[in-house]
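Enquirer: Sharing model.pdb below, PDB, C-alpha atoms and all ligand atoms:
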```
MODEL        1
ATOM      1  CA  MET A   1      25.772 -33.405  -1.848
ATOM      2  CA  VAL A   2      27.067 -35.205  -4.855
ATOM      3  CA  PHE A   3      25.348 -36.809  -7.832
ATOM      4  CA  PRO A   4      24.201 -39.589  -8.144
ATOM      5  CA  THR A   5      23.600 -40.051  -4.406
ATOM      6  CA  HIS A   6      21.782 -36.748  -4.371
ATOM      7  CA  ARG A   7      19.223 -35.893  -7.013
ATOM      8  CA  SER A   8      17.321 -32.619  -6.571
ATOM      9  CA  ARG A   9      14.669 -33.793  -9.015
ATOM     10  CA  ARG A  10      13.498 -36.486  -6.548
ATOM     11  CA  LEU A  11      11.618 -33.753  -4.696
ATOM     12  CA  ARG A  12      10.008 -32.387  -7.869
ATOM     13  CA  GLN A  13       8.248 -35.548  -9.003
ATOM     14  CA  ASN A  14       4.630 -34.572  -8.645
ATOM     15  CA  PRO A  15       2.365 -31.763  -7.429
ATOM     16  CA  ALA A  16       1.787 -33.326  -3.994
ATOM     17  CA  ILE A  17       5.522 -33.571  -3.276
ATOM     18  CA  LEU A  18       6.023 -30.052  -4.573
ATOM     19  CA  ARG A  19       3.362 -28.843  -2.141
ATOM     20  CA  MET A  20       4.979 -30.727   0.743
ATOM     21  CA  VAL A  21       8.447 -29.251   0.273
ATOM     22  CA  ARG A  22       7.442 -25.730  -0.779
ATOM     23  CA  GLU A  23       9.104 -23.296   1.639
ATOM     24  CA  THR A  24       6.970 -20.229   1.055
ATOM     25  CA  ALA A  25       3.212 -20.204   0.937
ATOM     26  CA  LEU A  26       1.102 -17.314  -0.181
ATOM     27  CA  SER A  27      -2.109 -17.003   1.798
ATOM     28  CA  VAL A  28      -5.236 -14.921   1.461
ATOM     29  CA  ASP A  29      -4.357 -13.689   4.972
ATOM     30  CA  ASP A  30      -1.414 -11.794   3.466
ATOM     31  CA  LEU A  31      -3.489  -9.649   1.127
ATOM     32  CA  ILE A  32      -4.449  -5.999   1.497
ATOM     33  CA  PHE A  33      -6.775  -4.614  -1.172
ATOM     34  CA  PRO A  34      -6.343  -0.933  -2.209
ATOM     35  CA  LEU A  35      -9.528   0.951  -3.171
ATOM     36  CA  PHE A  36     -10.095   4.424  -4.635
ATOM     37  CA  VAL A  37     -13.158   6.227  -3.311
ATOM     38  CA  CYS A  38     -14.785   9.272  -4.939
ATOM     39  CA  GLU A  39     -17.907  11.412  -4.533
ATOM     40  CA  GLY A  40     -21.256  10.569  -6.093
ATOM     41  CA  GLN A  41     -23.726   7.714  -6.262
ATOM     42  CA  GLY A  42     -23.387   4.549  -8.292
ATOM     43  CA  VAL A  43     -20.029   5.685  -9.665
ATOM     44  CA  GLN A  44     -17.775   3.033 -11.202
ATOM     45  CA  GLU A  45     -15.136   4.831 -13.203
ATOM     46  CA  ALA A  46     -12.512   2.734 -14.961
ATOM     47  CA  ILE A  47      -8.882   3.854 -14.655
ATOM     48  CA  SER A  48      -7.409   3.435 -18.111
ATOM     49  CA  SER A  49      -3.826   2.933 -16.936
ATOM     50  CA  MET A  50      -4.886   0.212 -14.472
ATOM     51  CA  PRO A  51      -7.028  -2.431 -16.193
ATOM     52  CA  GLY A  52      -9.674  -3.821 -13.834
ATOM     53  CA  VAL A  53      -9.234  -1.033 -11.245
ATOM     54  CA  HIS A  54     -11.933   1.595 -10.671
ATOM     55  CA  ARG A  55     -12.816   4.694  -8.750
ATOM     56  CA  TRP A  56     -15.906   3.881  -6.727
ATOM     57  CA  SER A  57     -18.452   6.040  -4.945
ATOM     58  CA  ILE A  58     -19.120   5.119  -1.316
ATOM     59  CA  ASP A  59     -22.143   2.898  -2.072
ATOM     60  CA  ASN A  60     -20.051   0.825  -4.473
ATOM     61  CA  ILE A  61     -17.010   0.774  -2.202
ATOM     62  CA  VAL A  62     -19.152  -0.874   0.460
ATOM     63  CA  ARG A  63     -20.055  -3.575  -2.047
ATOM     64  CA  GLU A  64     -16.374  -4.037  -2.933
ATOM     65  CA  ALA A  65     -15.488  -4.332   0.746
ATOM     66  CA  LYS A  66     -18.198  -6.945   1.249
ATOM     67  CA  GLU A  67     -16.988  -8.948  -1.714
ATOM     68  CA  ALA A  68     -13.370  -8.763  -0.531
ATOM     69  CA  HIS A  69     -14.520  -9.948   2.890
ATOM     70  CA  SER A  70     -16.425 -12.873   1.407
ATOM     71  CA  LEU A  71     -13.237 -13.886  -0.434
ATOM     72  CA  GLY A  72     -11.381 -13.985   2.879
ATOM     73  CA  ILE A  73      -9.311 -10.829   2.339
ATOM     74  CA  PRO A  74      -8.687  -9.401   5.831
ATOM     75  CA  ALA A  75      -7.987  -5.751   4.989
ATOM     76  CA  ILE A  76      -8.529  -2.912   2.551
ATOM     77  CA  ILE A  77      -6.634   0.382   2.220
ATOM     78  CA  LEU A  78      -8.554   3.480   1.156
ATOM     79  CA  PHE A  79      -7.403   6.333  -1.073
ATOM     80  CA  GLY A  80      -9.667   9.364  -1.352
ATOM     81  CA  ILE A  81     -10.345  11.395  -4.462
ATOM     82  CA  PRO A  82     -11.975  14.625  -3.291
ATOM     83  CA  ASP A  83     -14.031  16.974  -5.474
ATOM     84  CA  LYS A  84     -12.182  20.020  -4.152
ATOM     85  CA  LYS A  85      -8.428  20.493  -3.867
ATOM     86  CA  ASP A  86      -6.595  23.443  -2.336
ATOM     87  CA  SER A  87      -3.066  24.392  -1.319
ATOM     88  CA  ARG A  88      -3.479  23.012   2.233
ATOM     89  CA  GLY A  89      -5.305  19.828   1.286
ATOM     90  CA  SER A  90      -8.235  20.781   3.553
ATOM     91  CA  GLU A  91     -10.443  17.902   2.465
ATOM     92  CA  ALA A  92      -7.845  15.444   3.767
ATOM     93  CA  TYR A  93      -8.684  16.281   7.388
ATOM     94  CA  ASN A  94     -12.323  17.264   6.976
ATOM     95  CA  PRO A  95     -14.202  15.023   9.474
ATOM     96  CA  LYS A  96     -16.890  14.700   6.788
ATOM     97  CA  GLY A  97     -14.412  14.118   3.968
ATOM     98  CA  ILE A  98     -14.726  11.370   1.404
ATOM     99  CA  VAL A  99     -12.533   8.815   3.198
ATOM    100  CA  GLN A 100     -13.980   9.588   6.627
ATOM    101  CA  ARG A 101     -17.526   8.916   5.336
ATOM    102  CA  ALA A 102     -16.403   5.801   3.473
ATOM    103  CA  ILE A 103     -14.858   4.365   6.667
ATOM    104  CA  LEU A 104     -18.117   4.867   8.583
ATOM    105  CA  GLU A 105     -20.180   3.121   5.908
ATOM    106  CA  ILE A 106     -17.761   0.231   5.443
ATOM    107  CA  LYS A 107     -17.457  -0.345   9.187
ATOM    108  CA  ALA A 108     -21.259  -0.311   9.521
ATOM    109  CA  ALA A 109     -21.675  -2.865   6.710
ATOM    110  CA  VAL A 110     -18.641  -5.133   7.318
ATOM    111  CA  PRO A 111     -17.311  -4.535  10.826
ATOM    112  CA  GLU A 112     -14.818  -7.425  10.594
ATOM    113  CA  MET A 113     -13.007  -5.844   7.658
ATOM    114  CA  VAL A 114      -9.774  -4.200   8.784
ATOM    115  CA  VAL A 115      -9.854  -0.682   7.360
ATOM    116  CA  ILE A 116      -6.500   0.952   6.642
ATOM    117  CA  THR A 117      -6.218   4.537   5.405
ATOM    118  CA  ASP A 118      -3.483   6.215   3.437
ATOM    119  CA  VAL A 119      -2.417   9.315   5.342
ATOM    120  CA  CYS A 120      -0.945  11.818   2.904
ATOM    121  CA  ILE A 121      -2.236  15.091   1.501
ATOM    122  CA  ASP A 122      -1.081  14.768  -2.120
ATOM    123  CA  GLU A 123      -4.479  13.616  -3.390
ATOM    124  CA  TYR A 124      -6.017  16.680  -1.725
ATOM    125  CA  THR A 125      -3.588  19.458  -2.665
ATOM    126  CA  ASP A 126      -3.863  21.496  -5.860
ATOM    127  CA  HIS A 127      -0.060  21.360  -6.245
ATOM    128  CA  GLY A 128      -0.034  17.561  -5.834
ATOM    129  CA  HIS A 129       2.773  17.471  -3.243
ATOM    130  CA  CYS A 130       2.736  15.459  -0.028
ATOM    131  CA  GLY A 131       3.483  18.472   2.155
ATOM    132  CA  LEU A 132       2.734  22.161   2.475
ATOM    133  CA  VAL A 133       4.563  24.249  -0.103
ATOM    134  CA  GLU A 134       6.262  27.626   0.334
ATOM    135  CA  ASN A 135       8.303  29.270  -2.421
ATOM    136  CA  GLY A 136       8.604  25.966  -4.223
ATOM    137  CA  LYS A 137       9.858  24.151  -1.088
ATOM    138  CA  ILE A 138       8.077  21.282   0.631
ATOM    139  CA  LEU A 139       7.804  22.166   4.324
ATOM    140  CA  ASN A 140       8.341  19.386   6.840
ATOM    141  CA  ASP A 141       7.287  20.491  10.328
ATOM    142  CA  PRO A 142       4.135  22.462   9.441
ATOM    143  CA  THR A 143       2.895  19.439   7.482
ATOM    144  CA  LEU A 144       3.021  17.201  10.575
ATOM    145  CA  GLU A 145       0.036  18.923  12.135
ATOM    146  CA  LEU A 146      -2.118  18.327   9.058
ATOM    147  CA  LEU A 147      -1.104  14.662   8.859
ATOM    148  CA  SER A 148      -1.927  14.211  12.549
ATOM    149  CA  LYS A 149      -5.348  15.780  12.079
ATOM    150  CA  MET A 150      -5.964  13.599   9.054
ATOM    151  CA  ALA A 151      -5.030  10.434  10.974
ATOM    152  CA  GLN A 152      -7.200  11.465  13.907
ATOM    153  CA  THR A 153     -10.290  12.025  11.719
ATOM    154  CA  HIS A 154      -9.730   8.591  10.162
ATOM    155  CA  ALA A 155      -9.478   6.990  13.603
ATOM    156  CA  ASP A 156     -12.551   8.920  14.782
ATOM    157  CA  ALA A 157     -14.485   7.447  11.859
ATOM    158  CA  GLY A 158     -13.362   3.939  12.810
ATOM    159  CA  ALA A 159     -10.161   3.217  10.870
ATOM    160  CA  ASP A 160      -8.196   0.331  12.408
ATOM    161  CA  ILE A 161      -4.845   1.242  10.882
ATOM    162  CA  VAL A 162      -3.471   4.547   9.608
ATOM    163  CA  ALA A 163      -0.689   4.421   7.046
ATOM    164  CA  PRO A 164       1.346   7.618   6.587
ATOM    165  CA  SER A 165       2.860   7.690   3.086
ATOM    166  CA  ASP A 166       4.126  11.262   2.909
ATOM    167  CA  MET A 167       7.781  10.724   3.957
ATOM    168  CA  MET A 168       7.947  13.824   6.174
ATOM    169  CA  ASP A 169      10.396  13.344   9.054
ATOM    170  CA  GLY A 170       8.815  12.879  12.471
ATOM    171  CA  ARG A 171       5.331  12.136  11.249
ATOM    172  CA  VAL A 172       4.966   8.783  12.993
ATOM    173  CA  GLN A 173       5.738  10.417  16.335
ATOM    174  CA  ALA A 174       3.355  13.303  15.661
ATOM    175  CA  ILE A 175       0.561  10.935  14.637
ATOM    176  CA  ARG A 176       1.165   8.595  17.614
ATOM    177  CA  GLU A 177       0.980  11.506  20.062
ATOM    178  CA  THR A 178      -2.211  12.832  18.501
ATOM    179  CA  LEU A 179      -3.874   9.417  18.435
ATOM    180  CA  ASP A 180      -2.901   8.710  22.048
ATOM    181  CA  SER A 181      -4.200  12.041  23.292
ATOM    182  CA  THR A 182      -7.540  11.596  21.520
ATOM    183  CA  GLY A 183      -8.429   8.167  22.850
ATOM    184  CA  HIS A 184      -7.021   6.157  19.955
ATOM    185  CA  GLN A 185      -4.265   4.255  21.772
ATOM    186  CA  ASP A 186      -5.216   1.082  19.908
ATOM    187  CA  THR A 187      -5.101   2.529  16.415
ATOM    188  CA  ILE A 188      -2.264   0.820  14.588
ATOM    189  CA  ILE A 189       0.335   2.753  12.598
ATOM    190  CA  MET A 190       1.574   1.088   9.436
ATOM    191  CA  SER A 191       4.373   3.333   8.288
ATOM    192  CA  TYR A 192       5.451   3.652   4.678
ATOM    193  CA  ALA A 193       8.926   3.874   6.224
ATOM    194  CA  VAL A 194      10.845   3.000   3.089
ATOM    195  CA  LYS A 195       9.275   4.721   0.125
ATOM    196  CA  TYR A 196      11.375   5.306  -2.943
ATOM    197  CA  ALA A 197      10.993   8.089  -5.529
ATOM    198  CA  SER A 198       9.777   5.652  -8.151
ATOM    199  CA  ALA A 199       8.573   5.670 -11.743
ATOM    200  CA  PHE A 200       6.283   2.791 -10.807
ATOM    201  CA  TYR A 201       3.711   5.125  -9.190
ATOM    202  CA  GLY A 202       2.751   6.523 -12.628
ATOM    203  CA  PRO A 203      -0.638   4.810 -13.054
ATOM    204  CA  PHE A 204      -1.634   5.596  -9.435
ATOM    205  CA  ARG A 205      -1.096   9.288 -10.074
ATOM    206  CA  GLU A 206      -3.563   9.078 -12.948
ATOM    207  CA  ALA A 207      -6.000   7.150 -10.728
ATOM    208  CA  ALA A 208      -5.756   9.637  -7.879
ATOM    209  CA  ASP A 209      -5.113  12.676 -10.058
ATOM    210  CA  SER A 210      -2.136  13.426  -7.814
ATOM    211  CA  ALA A 211       0.827  14.066 -10.115
ATOM    212  CA  PRO A 212       2.940  16.920  -8.707
ATOM    213  CA  GLN A 213       2.229  20.159 -10.588
ATOM    214  CA  PHE A 214       5.861  21.277 -10.326
ATOM    215  CA  GLY A 215       9.118  19.491  -9.629
ATOM    216  CA  ASP A 216       9.192  15.936  -8.326
ATOM    217  CA  ARG A 217       9.153  14.069  -5.018
ATOM    218  CA  LYS A 218      12.912  13.508  -4.744
ATOM    219  CA  SER A 219      13.336  15.886  -1.790
ATOM    220  CA  TYR A 220      11.239  13.574   0.398
ATOM    221  CA  GLN A 221      11.012  10.114  -1.174
ATOM    222  CA  MET A 222      14.115   7.934  -1.130
ATOM    223  CA  ASP A 223      16.828   7.687  -3.753
ATOM    224  CA  PRO A 224      16.750   4.303  -5.528
ATOM    225  CA  GLY A 225      20.520   3.956  -5.085
ATOM    226  CA  ASN A 226      20.274   3.736  -1.308
ATOM    227  CA  SER A 227      19.915   0.678   0.885
ATOM    228  CA  ASP A 228      21.511   1.488   4.288
ATOM    229  CA  GLU A 229      19.320   4.566   4.412
ATOM    230  CA  ALA A 230      16.280   2.288   4.350
ATOM    231  CA  LEU A 231      17.416   0.707   7.614
ATOM    232  CA  ARG A 232      17.828   4.143   9.194
ATOM    233  CA  GLU A 233      14.305   5.094   8.102
ATOM    234  CA  VAL A 234      12.897   1.898   9.585
ATOM    235  CA  GLU A 235      14.778   2.324  12.859
ATOM    236  CA  GLU A 236      13.496   5.875  13.203
ATOM    237  CA  ASP A 237       9.900   4.930  12.503
ATOM    238  CA  ILE A 238       9.930   2.008  14.936
ATOM    239  CA  GLY A 239      11.411   4.343  17.539
ATOM    240  CA  GLU A 240       8.601   6.820  16.904
ATOM    241  CA  GLY A 241       5.943   4.138  17.383
ATOM    242  CA  ALA A 242       5.312   2.395  14.065
ATOM    243  CA  ASP A 243       3.699  -1.031  14.530
ATOM    244  CA  ILE A 244       4.104  -2.260  10.955
ATOM    245  CA  ILE A 245       6.776  -1.216   8.465
ATOM    246  CA  MET A 246       6.178  -0.921   4.748
ATOM    247  CA  VAL A 247       8.590  -1.052   1.838
ATOM    248  CA  LYS A 248       7.406   0.467  -1.437
ATOM    249  CA  PRO A 249       7.546  -0.303  -4.340
ATOM    250  CA  ALA A 250       8.022  -4.041  -3.885
ATOM    251  CA  LEU A 251       9.459  -5.582  -7.018
ATOM    252  CA  PRO A 252      12.488  -3.344  -7.680
ATOM    253  CA  TYR A 253      13.256  -3.376  -3.920
ATOM    254  CA  LEU A 254      13.068  -7.044  -2.944
ATOM    255  CA  ASP A 255      16.593  -6.758  -1.536
ATOM    256  CA  ILE A 256      15.404  -3.979   0.767
ATOM    257  CA  ILE A 257      12.452  -6.064   1.988
ATOM    258  CA  ARG A 258      14.891  -8.841   2.852
ATOM    259  CA  ARG A 259      17.297  -6.488   4.675
ATOM    260  CA  VAL A 260      14.459  -4.986   6.709
ATOM    261  CA  ARG A 261      13.144  -8.461   7.531
ATOM    262  CA  ASP A 262      16.589  -9.637   8.671
ATOM    263  CA  ASN A 263      17.317  -6.559  10.769
ATOM    264  CA  PHE A 264      14.042  -5.855  12.592
ATOM    265  CA  GLU A 265      11.411  -7.833  14.447
ATOM    266  CA  VAL A 266       8.315  -5.941  13.305
ATOM    267  CA  PRO A 267       5.830  -7.218  10.718
ATOM    268  CA  VAL A 268       6.828  -6.096   7.236
ATOM    269  CA  ALA A 269       4.397  -5.041   4.524
ATOM    270  CA  ALA A 270       5.238  -4.399   0.883
ATOM    271  CA  TYR A 271       3.313  -2.435  -1.724
ATOM    272  CA  ASN A 272       3.005  -4.127  -5.109
ATOM    273  CA  VAL A 273       2.376  -0.715  -6.692
ATOM    274  CA  SER A 274       0.336   0.458  -9.657
ATOM    275  CA  GLY A 275       3.155   0.330 -12.217
ATOM    276  CA  GLU A 276       4.028  -3.244 -11.262
ATOM    277  CA  TYR A 277       0.384  -4.230 -11.626
ATOM    278  CA  SER A 278      -0.166  -2.435 -14.933
ATOM    279  CA  MET A 279       3.058  -3.772 -16.449
ATOM    280  CA  VAL A 280       1.821  -7.332 -15.991
ATOM    281  CA  HIS A 281      -1.601  -6.479 -17.404
ATOM    282  CA  ALA A 282      -0.150  -4.673 -20.421
ATOM    283  CA  ALA A 283       2.077  -7.618 -21.312
ATOM    284  CA  ALA A 284      -0.761 -10.086 -20.739
ATOM    285  CA  GLN A 285      -3.085  -8.060 -22.999
ATOM    286  CA  GLN A 286      -0.484  -8.402 -25.749
ATOM    287  CA  GLY A 287      -0.453 -12.138 -25.164
ATOM    288  CA  TRP A 288       3.221 -11.984 -24.202
ATOM    289  CA  ILE A 289       2.901 -13.490 -20.734
ATOM    290  CA  ASP A 290       0.345 -15.459 -18.751
ATOM    291  CA  GLY A 291      -0.944 -12.598 -16.559
ATOM    292  CA  PRO A 292      -2.344 -14.499 -13.558
ATOM    293  CA  ARG A 293       0.679 -16.802 -13.371
ATOM    294  CA  ALA A 294       3.111 -13.895 -13.635
ATOM    295  CA  GLN A 295       1.195 -11.992 -10.962
ATOM    296  CA  MET A 296       1.253 -14.980  -8.586
ATOM    297  CA  GLU A 297       4.979 -15.394  -9.177
ATOM    298  CA  ILE A 298       5.568 -11.731  -8.344
ATOM    299  CA  LEU A 299       3.533 -11.983  -5.133
ATOM    300  CA  MET A 300       5.453 -15.128  -4.196
ATOM    301  CA  SER A 301       8.753 -13.270  -4.716
ATOM    302  CA  ILE A 302       7.582 -10.490  -2.392
ATOM    303  CA  LYS A 303       6.569 -13.002   0.269
ATOM    304  CA  ARG A 304       9.816 -14.947  -0.131
ATOM    305  CA  ALA A 305      11.788 -11.709   0.232
ATOM    306  CA  GLY A 306      10.272 -11.348   3.696
ATOM    307  CA  ALA A 307       7.014  -9.405   3.496
ATOM    308  CA  LYS A 308       4.164 -10.754   5.590
ATOM    309  CA  MET A 309       1.568  -8.404   4.124
ATOM    310  CA  ILE A 310       1.210  -7.420   0.482
ATOM    311  CA  LEU A 311      -0.831  -4.495  -0.773
ATOM    312  CA  THR A 312      -1.957  -5.473  -4.252
ATOM    313  CA  TYR A 313      -4.582  -4.389  -6.765
ATOM    314  CA  SER A 314      -4.838  -8.057  -7.717
ATOM    315  CA  ALA A 315      -6.055  -9.056  -4.227
ATOM    316  CA  LYS A 316      -9.459 -10.323  -5.361
ATOM    317  CA  GLU A 317      -8.164 -12.379  -8.302
ATOM    318  CA  THR A 318      -5.371 -13.729  -6.101
ATOM    319  CA  ALA A 319      -7.794 -14.696  -3.330
ATOM    320  CA  LYS A 320      -9.915 -16.565  -5.876
ATOM    321  CA  ILE A 321      -6.895 -18.501  -7.122
ATOM    322  CA  LEU A 322      -5.650 -19.277  -3.600
ATOM    323  CA  THR A 323      -8.967 -20.526  -2.278
ATOM    324  CA  ARG A 324     -10.201 -22.557  -5.205
TER     325      ARG A 324
HETATM  326  C1  LIG B   1       0.835   8.930  -1.735
HETATM  327  C2  LIG B   1       0.837   7.557  -2.319
HETATM  328  C3  LIG B   1       1.257   7.193  -3.606
HETATM  329  C4  LIG B   1       1.026   5.813  -3.717
HETATM  330  C5  LIG B   1       0.480   5.388  -2.509
HETATM  331  N1  LIG B   1       0.396   6.492  -1.660
HETATM  332  C6  LIG B   1       1.718   8.002  -4.731
HETATM  333  C7  LIG B   1       2.956   8.785  -4.731
HETATM  334  O1  LIG B   1       3.775   8.790  -3.819
HETATM  335  O2  LIG B   1       3.107   9.458  -5.748
HETATM  336  C8  LIG B   1       1.323   4.984  -4.927
HETATM  337  C9  LIG B   1       0.716   3.630  -4.956
HETATM  338  C10 LIG B   1       0.811   2.956  -6.282
HETATM  339  O3  LIG B   1       1.537   3.378  -7.205
HETATM  340  O4  LIG B   1       0.122   1.932  -6.440
HETATM  341  N2  LIG B   1      -0.442   9.272  -1.233
ENDMDL
END
```
Rewrite the structure of this file - the entire thing - as structure tokens.
Expert:
Amino acid sequence: MVFPTHRSRRLRQNPAILRMVRETALSVDDLIFPLFVCEGQGVQEAISSMPGVHRWSIDNIVREAKEAHSLGIPAIILFGIPDKKDSRGSEAYNPKGIVQRAILEIKAAVPEMVVITDVCIDEYTDHGHCGLVENGKILNDPTLELLSKMAQTHADAGADIVAPSDMMDGRVQAIRETLDSTGHQDTIIMSYAVKYASAFYGPFREAADSAPQFGDRKSYQMDPGNSDEALREVEEDIGEGADIIMVKPALPYLDIIRRVRDNFEVPVAAYNVSGEYSMVHAAAQQGWIDGPRAQMEILMSIKRAGAKMILTYSAKETAKILTR
């Protein structure tokens, strides 16, 4: 491939040629839209650290789901913000809890919308940790039962996919067994298999009021220095019954997405998390970057790295750009 016989610029001459040779295409089919649901009626509460993102009461969440559906977005993922928190996260597995009721209403209004739920008790515990706590330690095995109950109540309400994000060992197996024994053989498990202890969750913790009240999450979320460990986590979760594997966050871990993609044959999802979203918005507000273009470029990088599905707070704006 030597100049002047070969000229790379020949294939960059105009937009039509660029479209024809482009290797990676972002599609509205790839998008998963995260939504925060809270108690009340007519509630639309802005989250200051995430411009354009809100906490919605169930009536408004239904409207959001309808709008996402009309834009062609195939799936949403729900995060619950309960009124009451306690040490065991009881509201997380209350059959009449906030997420359980939201699922029912969304499924009644837009049955075609794929409803995914985050399965983790941190938004529901007063200590803010993803597992039960004893003497300052996060307990693994006793937490599995609560996660299983939570997943079952979501499936009972009509959730299509449950997505455990707690990072307890063995939770995919526990959830699979519970779902299978309660008539939910077809409920899909999307496992947050590779979830790093990341600074990029900061804005989410404000949104969900879920910052840990003591310590940090480093005894269960992964160390950013590790890569081989990610493959072990994925192998374990597939073995336990995960149907879809997630890597999170996305942007600082594009190499991990690629390694997972190259090593396993399951669909890969990636979470373009709150901090990644807010960073782009903050810079755009300053006029330092073109926000929508930067956001599209980031999503393209995640797709190119090997993710088929992308969870992103910019799903609606992205869908509008992709379908115009
Ligand atoms: C845990 C959970 C978190 C996120 C998704 N699920 C927070 C955490 O681990 O602290 C973060 C998502 C984001 O930052 O956008 N329930």
Enquirer: Quick one: which residues end up in the PyMOL selection byres (((chain A and resi 153) around 8) and not hetatm) for this structure, as an mmCIF file with C-alpha atoms, in the coordinates of the input?
Expert:
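Saved result, result-v2.cif, follows:
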```
data_model
loop_
_atom_site.group_PDB
_atom_site.id
_atom_site.type_symbol
_atom_site.label_atom_id
_atom_site.label_comp_id
_atom_site.auth_asym_id
_atom_site.auth_seq_id
_atom_site.Cartn_x
_atom_site.Cartn_y
_atom_site.Cartn_z
ATOM 1 C CA TYR A 93 -8.684 16.281 7.388
ATOM 2 C CA ASN A 94 -12.323 17.264 6.976
ATOM 3 C CA PRO A 95 -14.202 15.023 9.474
ATOM 4 C CA GLN A 100 -13.980 9.588 6.627
ATOM 5 C CA LYS A 149 -5.348 15.780 12.079
ATOM 6 C CA MET A 150 -5.964 13.599 9.054
ATOM 7 C CA ALA A 151 -5.030 10.434 10.974
ATOM 8 C CA GLN A 152 -7.200 11.465 13.907
ATOM 9 C CA HIS A 154 -9.730 8.591 10.162
ATOM 10 C CA ALA A 155 -9.478 6.990 13.603
ATOM 11 C CA ASP A 156 -12.551 8.920 14.782
ATOM 12 C CA ALA A 157 -14.485 7.447 11.859
#
```
Enquirer: On this file, the PyMOL selection byres (((chain A and resi 75) around 8) and not hetatm) gives some set of residues; write that set as a PyMOL selection string.
Expert: chain A and resi 31-33+73-74+76-77+113-116
Enquirer: Every residue with an atom at most 10 Å from (-3.3, 10.6, -10.9) (file coordinates; only C-alpha atoms) is what I'm after, so could you write them as a list in words?
Expert: Ile47, Ser49, Ile81, Asp122, Glu123, Gly128, Tyr201, Gly202, Pro203, Phe204, Arg205, Glu206, Ala207, Ala208, Asp209, Ser210, Ala211 and Pro212 of chain A
Enquirer: List the residues selected by the PyMOL selection byres (((chain A and resi 243-249) around 7) and not hetatm) in the file shown, writing them as a list in words.
Expert: Ile188, Ile189, Met190, Ser191, Tyr192, Ala193, Val194, Lys195, Tyr196, Val234, Ile238, Gly241, Ala242, Ala250, Leu251, Pro252, Tyr253, Ile257, Val266, Pro267, Val268, Ala269, Ala270, Tyr271, Asn272 and Val273 of chain A
Enquirer: One decimal, in Å: what's the spacing between atom CA of A:Val37 and atom CA of A:Ile58?
Expert: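 According to the coordinates, atom CA of A:Val37 and atom CA of A:Ile58 are separated by 6.4 Å.
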Enquirer: Around all the atoms of ligand LIG 1 (chain B) listed in the file, draw an axis-aligned box and extend it by 6 Å on each of the six sides; I want its centre and edge lengths in Å to one decimal, as JSON.
Expert:
```
{"center_x": 1.7, "center_y": 5.7, "center_z": -4.2, "size_x": 16.2, "size_y": 19.5, "size_z": 18.0}
```
Enquirer: Counting all atoms listed in the file, which residue out of A:Gln13, A:Ser227, A:Gln213, A:Asn135 sits closest to ligand LIG 1 (chain B)?
Expert: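 Smallest separation from ligand LIG 1 (chain B) among the options: A:Gln213.
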